[in-house]
>>> print(open('input.cif').read())   # mmCIF, C-alpha atoms
data_final
loop_
_atom_site.group_PDB
_atom_site.id
_atom_site.type_symbol
_atom_site.label_atom_id
_atom_site.label_comp_id
_atom_site.auth_asym_id
_atom_site.auth_seq_id
_atom_site.Cartn_x
_atom_site.Cartn_y
_atom_site.Cartn_z
ATOM 1 C CA MET A 25 87.857 104.145 69.571
ATOM 2 C CA ALA A 26 91.241 104.635 71.238
ATOM 3 C CA ASP A 27 89.572 105.828 74.442
ATOM 4 C CA ARG A 28 87.265 102.824 74.435
ATOM 5 C CA ARG A 29 90.218 100.480 73.891
ATOM 6 C CA THR A 30 92.123 102.126 76.751
ATOM 7 C CA HIS A 31 89.048 101.835 78.955
ATOM 8 C CA ARG A 32 88.716 98.123 78.170
ATOM 9 C CA LEU A 33 92.449 97.544 78.762
ATOM 10 C CA ARG A 34 92.237 99.242 82.152
ATOM 11 C CA LEU A 35 89.251 97.112 83.086
ATOM 12 C CA TRP A 36 90.888 93.818 82.159
ATOM 13 C CA THR A 37 94.247 94.718 83.702
ATOM 14 C CA SER A 38 92.616 95.740 86.962
ATOM 15 C CA ALA A 39 90.351 92.685 87.036
ATOM 16 C CA VAL A 40 93.226 90.251 86.354
ATOM 17 C CA THR A 41 95.410 91.913 89.005
ATOM 18 C CA VAL A 42 92.655 91.777 91.635
ATOM 19 C CA GLY A 43 91.927 88.161 90.692
ATOM 20 C CA VAL A 44 95.579 87.142 91.054
ATOM 21 C CA VAL A 45 95.808 88.890 94.424
ATOM 22 C CA LEU A 46 92.650 87.187 95.709
ATOM 23 C CA LEU A 47 93.823 83.773 94.522
ATOM 24 C CA ALA A 48 97.192 84.285 96.208
ATOM 25 C CA VAL A 49 95.777 85.302 99.586
ATOM 26 C CA LEU A 50 93.121 82.554 99.496
ATOM 27 C CA LEU A 51 95.184 79.606 98.209
ATOM 28 C CA VAL A 52 98.746 80.142 99.455
ATOM 29 C CA PRO A 53 98.149 80.223 103.264
ATOM 30 C CA PRO A 54 96.309 76.849 103.412
ATOM 31 C CA ILE A 55 99.046 75.246 101.284
ATOM 32 C CA VAL A 56 102.166 76.794 102.851
ATOM 33 C CA GLN A 57 102.111 77.521 106.560
ATOM 34 C CA LEU A 58 104.044 80.515 107.891
ATOM 35 C CA ASP A 59 105.894 80.266 111.199
ATOM 36 C CA GLU A 60 105.850 83.827 112.543
ATOM 37 C CA GLN A 61 108.604 83.050 115.081
ATOM 38 C CA ALA A 62 110.992 81.220 112.710
ATOM 39 C CA VAL A 63 114.577 82.499 112.545
ATOM 40 C CA ASP A 64 117.355 81.269 110.221
ATOM 41 C CA LEU A 65 120.294 83.656 110.325
ATOM 42 C CA SER A 66 122.205 81.537 107.786
ATOM 43 C CA GLN A 67 119.647 82.741 105.193
ATOM 44 C CA LYS A 68 119.710 86.365 106.324
ATOM 45 C CA LEU A 69 119.098 89.041 103.657
ATOM 46 C CA LEU A 70 119.576 86.840 100.611
ATOM 47 C CA PRO A 71 118.836 88.733 97.359
ATOM 48 C CA PRO A 72 116.016 87.583 95.047
ATOM 49 C CA SER A 73 116.709 84.179 93.480
ATOM 50 C CA TRP A 74 114.865 81.119 92.168
ATOM 51 C CA ASP A 75 114.656 79.690 95.672
ATOM 52 C CA HIS A 76 113.461 83.000 97.161
ATOM 53 C CA PRO A 77 111.888 85.154 94.404
ATOM 54 C CA PHE A 78 111.528 88.140 96.766
ATOM 55 C CA GLY A 79 114.692 87.369 98.744
ATOM 56 C CA THR A 80 114.788 86.938 102.530
ATOM 57 C CA ASP A 81 114.468 89.406 105.399
ATOM 58 C CA ASP A 82 116.870 90.235 108.220
ATOM 59 C CA LEU A 83 115.871 87.052 110.103
ATOM 60 C CA GLY A 84 116.246 84.716 107.142
ATOM 61 C CA ARG A 85 112.530 84.306 106.428
ATOM 62 C CA ASP A 86 111.187 83.975 102.890
ATOM 63 C CA LEU A 87 109.934 87.417 101.919
ATOM 64 C CA LEU A 88 107.474 86.245 99.243
ATOM 65 C CA LEU A 89 105.557 84.113 101.735
ATOM 66 C CA ARG A 90 105.540 86.875 104.329
ATOM 67 C CA CYS A 91 104.336 89.377 101.723
ATOM 68 C CA VAL A 92 101.415 87.120 100.781
ATOM 69 C CA TYR A 93 100.454 86.706 104.443
ATOM 70 C CA GLY A 94 100.883 90.439 104.986
ATOM 71 C CA LEU A 95 98.716 91.227 101.977
ATOM 72 C CA ARG A 96 96.046 88.890 103.354
ATOM 73 C CA ILE A 97 95.995 90.782 106.667
ATOM 74 C CA SER A 98 95.923 94.163 104.934
ATOM 75 C CA LEU A 99 93.071 93.075 102.649
ATOM 76 C CA LEU A 100 91.144 91.688 105.620
ATOM 77 C CA VAL A 101 91.484 94.975 107.459
ATOM 78 C CA GLY A 102 90.554 96.944 104.343
ATOM 79 C CA LEU A 103 87.482 94.881 103.443
ATOM 80 C CA VAL A 104 86.008 94.597 106.948
ATOM 81 C CA ALA A 105 86.739 98.224 107.842
ATOM 82 C CA ALA A 106 85.272 99.442 104.531
ATOM 83 C CA LEU A 107 82.136 97.335 105.093
ATOM 84 C CA VAL A 108 81.621 98.635 108.651
ATOM 85 C CA ALA A 109 82.342 102.230 107.670
ATOM 86 C CA THR A 110 79.960 102.004 104.696
ATOM 87 C CA VAL A 111 77.131 100.608 106.817
ATOM 88 C CA VAL A 112 77.585 103.331 109.455
ATOM 89 C CA GLY A 113 77.989 106.092 106.893
ATOM 90 C CA THR A 114 74.984 104.935 104.865
ATOM 91 C CA ALA A 115 72.790 104.776 107.975
ATOM 92 C CA VAL A 116 73.840 108.238 109.158
ATOM 93 C CA GLY A 117 73.594 109.817 105.714
ATOM 94 C CA ALA A 118 70.209 108.243 104.939
ATOM 95 C CA ALA A 119 68.792 109.301 108.312
ATOM 96 C CA ALA A 120 70.071 112.857 107.902
ATOM 97 C CA GLY A 121 68.762 113.224 104.367
ATOM 98 C CA ALA A 122 65.407 111.494 104.899
ATOM 99 C CA LEU A 123 64.446 113.017 108.258
ATOM 100 C CA GLY A 124 65.850 116.500 107.706
ATOM 101 C CA GLY A 125 65.303 119.254 110.240
ATOM 102 C CA TRP A 126 67.078 119.069 113.580
ATOM 103 C CA THR A 127 68.063 115.435 112.956
ATOM 104 C CA ASP A 128 69.929 116.450 109.816
ATOM 105 C CA ARG A 129 71.621 119.344 111.602
ATOM 106 C CA CYS A 130 72.699 117.241 114.590
ATOM 107 C CA LEU A 131 74.060 114.383 112.478
ATOM 108 C CA MET A 132 75.949 116.708 110.153
ATOM 109 C CA ARG A 133 77.468 118.549 113.123
ATOM 110 C CA LEU A 134 78.607 115.138 114.384
ATOM 111 C CA VAL A 135 80.205 114.464 110.991
ATOM 112 C CA ASP A 136 81.888 117.885 111.094
ATOM 113 C CA ALA A 137 83.206 117.183 114.611
ATOM 114 C CA PHE A 138 84.807 113.905 113.494
ATOM 115 C CA SER A 139 86.144 115.558 110.341
ATOM 116 C CA SER A 140 87.866 118.294 112.366
ATOM 117 C CA VAL A 141 90.252 115.698 113.858
ATOM 118 C CA PRO A 142 92.956 114.339 111.492
ATOM 119 C CA HIS A 143 92.252 110.736 110.502
ATOM 120 C CA LEU A 144 95.623 109.416 111.530
ATOM 121 C CA LEU A 145 95.531 111.150 114.915
ATOM 122 C CA LEU A 146 92.059 109.810 115.670
ATOM 123 C CA GLY A 147 93.099 106.358 114.482
ATOM 124 C CA ILE A 148 96.133 106.399 116.778
ATOM 125 C CA PHE A 149 93.890 107.358 119.695
ATOM 126 C CA VAL A 150 91.483 104.479 119.021
ATOM 127 C CA VAL A 151 94.263 101.900 118.591
ATOM 128 C CA ALA A 152 95.989 103.091 121.759
ATOM 129 C CA LEU A 153 92.921 102.091 123.788
ATOM 130 C CA PHE A 154 93.451 98.390 123.048
ATOM 131 C CA ARG A 155 96.212 95.828 122.749
ATOM 132 C CA PRO A 156 97.845 95.537 119.315
ATOM 133 C CA GLY A 157 95.797 93.307 117.042
ATOM 134 C CA VAL A 158 93.678 93.103 113.909
ATOM 135 C CA TRP A 159 90.345 94.138 115.396
ATOM 136 C CA PRO A 160 91.547 97.374 117.053
ATOM 137 C CA VAL A 161 93.020 98.391 113.695
ATOM 138 C CA ILE A 162 89.732 97.579 111.944
ATOM 139 C CA ALA A 163 87.834 99.613 114.533
ATOM 140 C CA SER A 164 90.269 102.499 114.115
ATOM 141 C CA VAL A 165 89.901 102.549 110.330
ATOM 142 C CA ALA A 166 86.120 102.159 110.449
ATOM 143 C CA VAL A 167 85.701 105.003 112.958
ATOM 144 C CA THR A 168 87.710 107.394 110.796
ATOM 145 C CA HIS A 169 86.370 106.484 107.334
ATOM 146 C CA TRP A 170 82.546 106.607 107.489
ATOM 147 C CA LEU A 171 82.351 110.382 107.133
ATOM 148 C CA SER A 172 82.688 110.674 103.350
ATOM 149 C CA THR A 173 80.090 107.932 102.823
ATOM 150 C CA ALA A 174 77.652 109.747 105.113
ATOM 151 C CA ARG A 175 78.025 112.958 103.110
ATOM 152 C CA ILE A 176 77.646 111.174 99.763
ATOM 153 C CA VAL A 177 74.533 109.273 100.853
ATOM 154 C CA ARG A 178 72.965 112.372 102.405
ATOM 155 C CA SER A 179 73.422 114.406 99.214
ATOM 156 C CA GLU A 180 71.951 111.569 97.128
ATOM 157 C CA VAL A 181 68.948 111.231 99.451
ATOM 158 C CA LEU A 182 68.318 114.983 99.364
ATOM 159 C CA SER A 183 68.362 114.816 95.564
ATOM 160 C CA LEU A 184 66.037 111.812 95.466
ATOM 161 C CA ARG A 185 63.505 113.437 97.797
ATOM 162 C CA THR A 186 62.542 115.817 94.992
ATOM 163 C CA ARG A 187 61.877 113.018 92.472
ATOM 164 C CA PRO A 188 58.293 112.318 91.299
ATOM 165 C CA PHE A 189 58.269 108.686 92.504
ATOM 166 C CA VAL A 190 58.941 109.849 96.086
ATOM 167 C CA ASP A 191 56.117 112.396 95.843
ATOM 168 C CA ALA A 192 53.843 109.663 94.518
ATOM 169 C CA ALA A 193 54.738 107.345 97.404
ATOM 170 C CA VAL A 194 54.074 110.070 99.972
ATOM 171 C CA SER A 195 50.786 110.998 98.282
ATOM 172 C CA GLY A 196 49.788 107.349 98.442
ATOM 173 C CA GLY A 197 50.097 107.381 102.222
ATOM 174 C CA ALA A 198 53.543 105.804 102.647
ATOM 175 C CA SER A 199 55.247 106.709 105.913
ATOM 176 C CA ARG A 200 58.646 108.385 106.009
ATOM 177 C CA TRP A 201 60.231 105.142 107.229
ATOM 178 C CA ARG A 202 58.681 103.151 104.380
ATOM 179 C CA VAL A 203 59.772 105.713 101.785
ATOM 180 C CA THR A 204 63.319 105.602 103.142
ATOM 181 C CA VAL A 205 63.579 101.804 103.257
ATOM 182 C CA ARG A 206 61.675 100.953 100.070
ATOM 183 C CA HIS A 207 62.686 103.826 97.783
ATOM 184 C CA LEU A 208 65.588 105.942 99.008
ATOM 185 C CA LEU A 209 68.008 103.310 100.343
ATOM 186 C CA PRO A 210 67.873 101.022 97.272
ATOM 187 C CA ALA A 211 68.540 104.054 95.080
ATOM 188 C CA VAL A 212 71.685 105.078 96.991
ATOM 189 C CA LEU A 213 73.150 101.579 97.410
ATOM 190 C CA PRO A 214 75.183 101.727 94.152
ATOM 191 C CA GLN A 215 76.842 104.958 95.281
ATOM 192 C CA ALA A 216 77.451 103.500 98.749
ATOM 193 C CA GLY A 217 78.942 100.358 97.183
ATOM 194 C CA LEU A 218 81.277 102.463 95.045
ATOM 195 C CA ALA A 219 82.347 104.383 98.150
ATOM 196 C CA ALA A 220 83.053 101.068 99.904
ATOM 197 C CA VAL A 221 85.236 99.822 97.039
ATOM 198 C CA LEU A 222 87.217 103.065 96.990
ATOM 199 C CA MET A 223 87.579 102.848 100.763
ATOM 200 C CA VAL A 224 89.339 99.444 100.687
ATOM 201 C CA PRO A 225 92.738 100.700 99.405
ATOM 202 C CA HIS A 226 92.466 103.758 101.659
ATOM 203 C CA ALA A 227 91.925 101.458 104.636
ATOM 204 C CA MET A 228 94.881 99.290 103.571
ATOM 205 C CA TRP A 229 97.152 102.339 103.531
ATOM 206 C CA HIS A 230 95.779 103.441 106.908
ATOM 207 C CA GLU A 231 96.557 100.036 108.433
ATOM 208 C CA SER A 232 100.037 100.100 106.920
ATOM 209 C CA ALA A 233 100.666 103.567 108.358
ATOM 210 C CA LEU A 234 99.600 102.472 111.843
ATOM 211 C CA SER A 235 101.722 99.314 111.666
ATOM 212 C CA PHE A 236 104.674 101.306 110.321
ATOM 213 C CA LEU A 237 104.404 103.560 113.380
ATOM 214 C CA GLY A 238 104.368 100.495 115.639
ATOM 215 C CA LEU A 239 100.728 101.033 116.691
ATOM 216 C CA GLY A 240 98.928 98.478 114.552
ATOM 217 C CA LEU A 241 99.592 94.767 114.518
ATOM 218 C CA PRO A 242 102.227 93.069 116.726
ATOM 219 C CA SER A 243 105.684 93.492 115.233
ATOM 220 C CA HIS A 244 106.190 89.750 114.654
ATOM 221 C CA GLN A 245 102.942 89.397 112.673
ATOM 222 C CA ALA A 246 103.245 89.709 108.912
ATOM 223 C CA SER A 247 101.497 92.763 107.518
ATOM 224 C CA LEU A 248 102.623 95.103 104.783
ATOM 225 C CA GLY A 249 103.138 97.951 107.234
ATOM 226 C CA ASN A 250 105.192 95.769 109.568
ATOM 227 C CA LEU A 251 107.290 94.445 106.679
ATOM 228 C CA VAL A 252 108.158 97.960 105.511
ATOM 229 C CA GLN A 253 108.847 99.084 109.082
ATOM 230 C CA ASN A 254 111.140 96.115 109.760
ATOM 231 C CA ALA A 255 113.040 96.739 106.515
ATOM 232 C CA ARG A 256 114.163 100.293 107.322
ATOM 233 C CA SER A 257 117.556 99.270 108.682
ATOM 234 C CA SER A 258 118.100 96.915 105.737
ATOM 235 C CA LEU A 259 117.375 99.710 103.271
ATOM 236 C CA LEU A 260 119.958 101.962 104.923
ATOM 237 C CA ALA A 261 122.481 99.120 104.513
ATOM 238 C CA GLY A 262 121.762 98.911 100.770
ATOM 239 C CA ASP A 263 119.427 95.892 100.799
ATOM 240 C CA TRP A 264 116.499 97.172 98.732
ATOM 241 C CA TRP A 265 114.289 94.075 98.327
ATOM 242 C CA PRO A 266 112.793 93.923 101.882
ATOM 243 C CA THR A 267 111.313 97.385 101.252
ATOM 244 C CA LEU A 268 110.537 97.224 97.523
ATOM 245 C CA PHE A 269 108.345 94.124 97.359
ATOM 246 C CA PRO A 270 106.014 94.897 100.308
ATOM 247 C CA GLY A 271 105.661 98.406 98.888
ATOM 248 C CA LEU A 272 104.750 97.046 95.463
ATOM 249 C CA LEU A 273 102.186 94.672 96.967
ATOM 250 C CA LEU A 274 100.603 97.703 98.610
ATOM 251 C CA ILE A 275 100.673 99.941 95.529
ATOM 252 C CA VAL A 276 99.662 97.468 92.773
ATOM 253 C CA PRO A 277 96.393 96.202 94.400
ATOM 254 C CA THR A 278 95.535 99.801 95.265
ATOM 255 C CA LEU A 279 95.827 100.858 91.627
ATOM 256 C CA ALA A 280 93.892 97.782 90.462
ATOM 257 C CA ILE A 281 91.002 98.394 92.875
ATOM 258 C CA ALA A 282 90.963 102.068 91.903
ATOM 259 C CA GLY A 283 90.785 101.025 88.233
ATOM 260 C CA LEU A 284 87.772 98.790 88.856
ATOM 261 C CA ALA A 285 86.128 101.536 90.902
ATOM 262 C CA GLY A 286 86.687 103.970 88.046
ATOM 263 C CA VAL A 287 84.902 101.642 85.630
ATOM 264 C CA TRP A 288 82.046 101.260 88.117
ATOM 265 C CA ARG A 289 81.820 105.047 88.480
ATOM 266 C CA ASP A 290 81.623 105.482 84.719
ATOM 267 C CA ARG A 291 78.786 102.957 84.534
ATOM 268 C CA LEU A 292 76.889 104.742 87.309
ATOM 269 C CA ASN A 293 77.297 108.073 85.522
ATOM 270 C CA PRO A 294 77.370 107.452 81.764
ATOM 271 C CA ARG A 295 76.933 111.164 81.029
ATOM 272 C CA ARG A 296 80.253 111.909 82.754
ATOM 273 C CA ARG A 297 81.904 109.146 80.768
ATOM 274 C CA SER A 298 80.586 110.480 77.456
ATOM 275 C CA GLU A 299 81.822 113.966 78.352
ATOM 276 C CA LEU A 300 85.303 112.615 79.132
ATOM 277 C CA MET A 301 85.440 110.805 75.789
ATOM 278 C CA LEU A 302 84.599 113.910 73.720
#
>>> encode(input="input.cif", output="structure tokens")
Amino acid sequence: MADRRTHRLRLWTSAVTVGVVLLAVLLVPPIVQLDEQAVDLSQKLLPPSWDHPFGTDDLGRDLLLRCVYGLRISLLVGLVAALVATVVGTAVGAAAGALGGWTDRCLMRLVDAFSSVPHLLLGIFVVALFRPGVWPVIASVAVTHWLSTARIVRSEVLSLRTRPFVDAAVSGGASRWRVTVRHLLPAVLPQAGLAAVLMVPHAMWHESALSFLGLGLPSHQASLGNLVQNARSSLLAGDWWPTLFPGLLLIVPTLAIAGLAGVWRDRLNPRRRSELML
């Protein structure tokens, strides 16, 4: 009973947190416009107060508003990059598992080749090919994050190929393409969707790391990585709020999304859940 109550509490806490974050990034920007170039040195580095709940940064800009805009950019990068990476990984994994033979070997060697290069190093290389902006960062994250999805989908397809319904479809004259599209892909979509959800916070952290290194978004544009990077000198001077609040807005949504993904995983594999509750 206690485990079930904890499970329900985690679900509701994660769902409410994700809902609040989505409402903030969807409703605040149309209501309150952010001037990226605004400077008001008379309001420089004010601590949190009623007028500025998160305080102000080193240029006198309201930190709460910039954090909301930064969270919107980070979520955009995470969602689009996770979607692209999931589509690519699902296609590669399904093709490798369904076709087998030399196709499987070639595609898996391609996955191994990409995996041999550190994600961050490969991401830096991709971003360096373009001007700083949102879409190069999305491309960088997508290129480096489809590998795990490809492996997951391939293993699921290989397992499904031995099921009786696949044998029945093949015995009935269905082509390999039809079996893949009509039977194998729908069966692996829940696992691919779970991988996509888990990839969103990973992609957000990847974007923040690139922006923190000065290789992601332009320095004047609000993103969580840029906010943390710009706050380094303030932190050394003892002003903690320009670093704390962007960091919290990166950590809290990550934990909430991971909580929802954990509930989804338990529903996909009820046997694992029952074993954990014993």
>>> residues_around(input="input.cif", residues="Leu153 in chain A", least_positions_apart="5", cutoff="12 Å", atoms="all atoms listed in the file", output="PyMOL selection string")
chain A and resi 146-148+159-161+163-164+239-240
>>> closest_atom_pairs(input="input.cif", of="range 115-157 of chain A", to="range 211-230 of chain A", cutoff="10 Å", atoms="only C-alpha atoms", output="Markdown table")
| residue | atom | partner | partner_atom | distance |
| --- | --- | --- | --- | --- |
| A:Ala118 | CA | A:Val212 | CA | 8.7 |
| A:His143 | CA | A:His230 | CA | 8.9 |
| A:Leu144 | CA | A:His230 | CA | 7.6 |
| A:Gly147 | CA | A:His230 | CA | 8.5 |
>>> residues_around(input="input.cif", residues="range 34-44 of chain A", least_positions_apart="6", cutoff="8 Å", atoms="only C-alpha atoms", output="ChimeraX atom specification")
/A:276-277,279-281,283-284,287
>>> resolve_selection(input="input.cif", expression="the PyMOL selection byres ((chain A and resi 263) around 12)", output="PyMOL selection string")
chain A and resi 68-72+78-82+255-262+264-269
>>> residues_around(input="input.cif", residues="range 59-63 of chain A", least_positions_apart="3", cutoff="12 Å", atoms="only C-alpha atoms", output="ChimeraX atom specification")
/A:53,56,66-69,80-87,89-90,93-94,242-247
>>> axis_aligned_box(input="input.cif", around="range 85-91 of chain A", padding_each_side="6 Å", output="lines of an AutoDock Vina configuration file")
center_x = 108.4
center_y = 86.7
center_z = 102.8
size_x = 20.2
size_y = 17.4
size_z = 19.2
>>> closest_residue(input="input.cif", among="A:Pro54, A:Leu33, A:Leu248, A:Leu241", to="Val158 in chain A", atoms="only C-alpha atoms")
A:Leu241
>>> atom_distance(input="input.cif", atom1="CA of Arg29 in chain A", atom2="CA of Thr278 in chain A")
22.0 Å
>>> closest_residue(input="input.cif", among="A:Glu231, A:Leu47, A:Gly102, A:Ala119", to="Pro156 in chain A", atoms="only C-alpha atoms")
A:Glu231
>>> closest_residue(input="input.cif", among="A:Ala122, A:Val190, A:Ala174, A:Val101", to="Ser139 in chain A", atoms="all atoms listed in the file")
A:Ala174
>>> atom_distance(input="input.cif", atom1="CA of Leu46 in chain A", atom2="CA of Val252 in chain A")
21.3 Å
>>> atom_distance(input="input.cif", atom1="CA of Val111 in chain A", atom2="CA of Thr168 in chain A")
13.2 Å
>>> residues_around(input="input.cif", residues="Ser172 in chain A", least_positions_apart="3", cutoff="9 Å", atoms="all atoms listed in the file", output="ChimeraX atom specification")
/A:113,135,169,175-177,219
>>> closest_residue(input="input.cif", among="A:Leu134, A:Asp290, A:Ser235, A:Gly117", to="Ser98 in chain A", atoms="only C-alpha atoms")
A:Ser235
>>> closest_residue(input="input.cif", among="A:Gln253, A:Thr114, A:Thr127, A:Thr186", to="Pro210 in chain A", atoms="only C-alpha atoms")
A:Thr114
>>> closest_residue(input="input.cif", among="A:Leu65, A:Leu99, A:Val151, A:Leu123", to="Trp201 in chain A", atoms="all atoms listed in the file")
A:Leu123
>>> decode(input="input.cif", residues="range 80-101 of chain A", atoms="C-alpha atoms", output="mmCIF file, in the first residue's frame")
data_model
loop_
_atom_site.group_PDB
_atom_site.id
_atom_site.type_symbol
_atom_site.label_atom_id
_atom_site.label_comp_id
_atom_site.auth_asym_id
_atom_site.auth_seq_id
_atom_site.Cartn_x
_atom_site.Cartn_y
_atom_site.Cartn_z
ATOM 1 C CA THR A 80 17.896 40.640 -11.652
ATOM 2 C CA ASP A 81 21.017 39.768 -13.633
ATOM 3 C CA ASP A 82 24.222 41.729 -14.177
ATOM 4 C CA LEU A 83 22.506 43.951 -16.783
ATOM 5 C CA GLY A 84 19.455 44.735 -14.676
ATOM 6 C CA ARG A 85 17.053 42.404 -16.489
ATOM 7 C CA ASP A 86 14.313 40.517 -14.656
ATOM 8 C CA LEU A 87 15.647 37.015 -14.094
ATOM 9 C CA LEU A 88 12.250 35.305 -13.755
ATOM 10 C CA LEU A 89 11.172 36.441 -17.216
ATOM 11 C CA ARG A 90 14.495 35.460 -18.749
ATOM 12 C CA CYS A 91 14.320 32.051 -17.062
ATOM 13 C CA VAL A 92 10.861 31.411 -18.525
ATOM 14 C CA TYR A 93 12.065 32.391 -22.002
ATOM 15 C CA GLY A 94 15.195 30.296 -21.518
ATOM 16 C CA LEU A 95 13.143 27.308 -20.408
ATOM 17 C CA ARG A 96 10.976 27.710 -23.512
ATOM 18 C CA ILE A 97 14.050 27.561 -25.766
ATOM 19 C CA SER A 98 15.488 24.578 -23.902
ATOM 20 C CA LEU A 99 12.175 22.701 -24.091
ATOM 21 C CA LEU A 100 11.873 23.490 -27.800
ATOM 22 C CA VAL A 101 15.334 22.107 -28.442
#
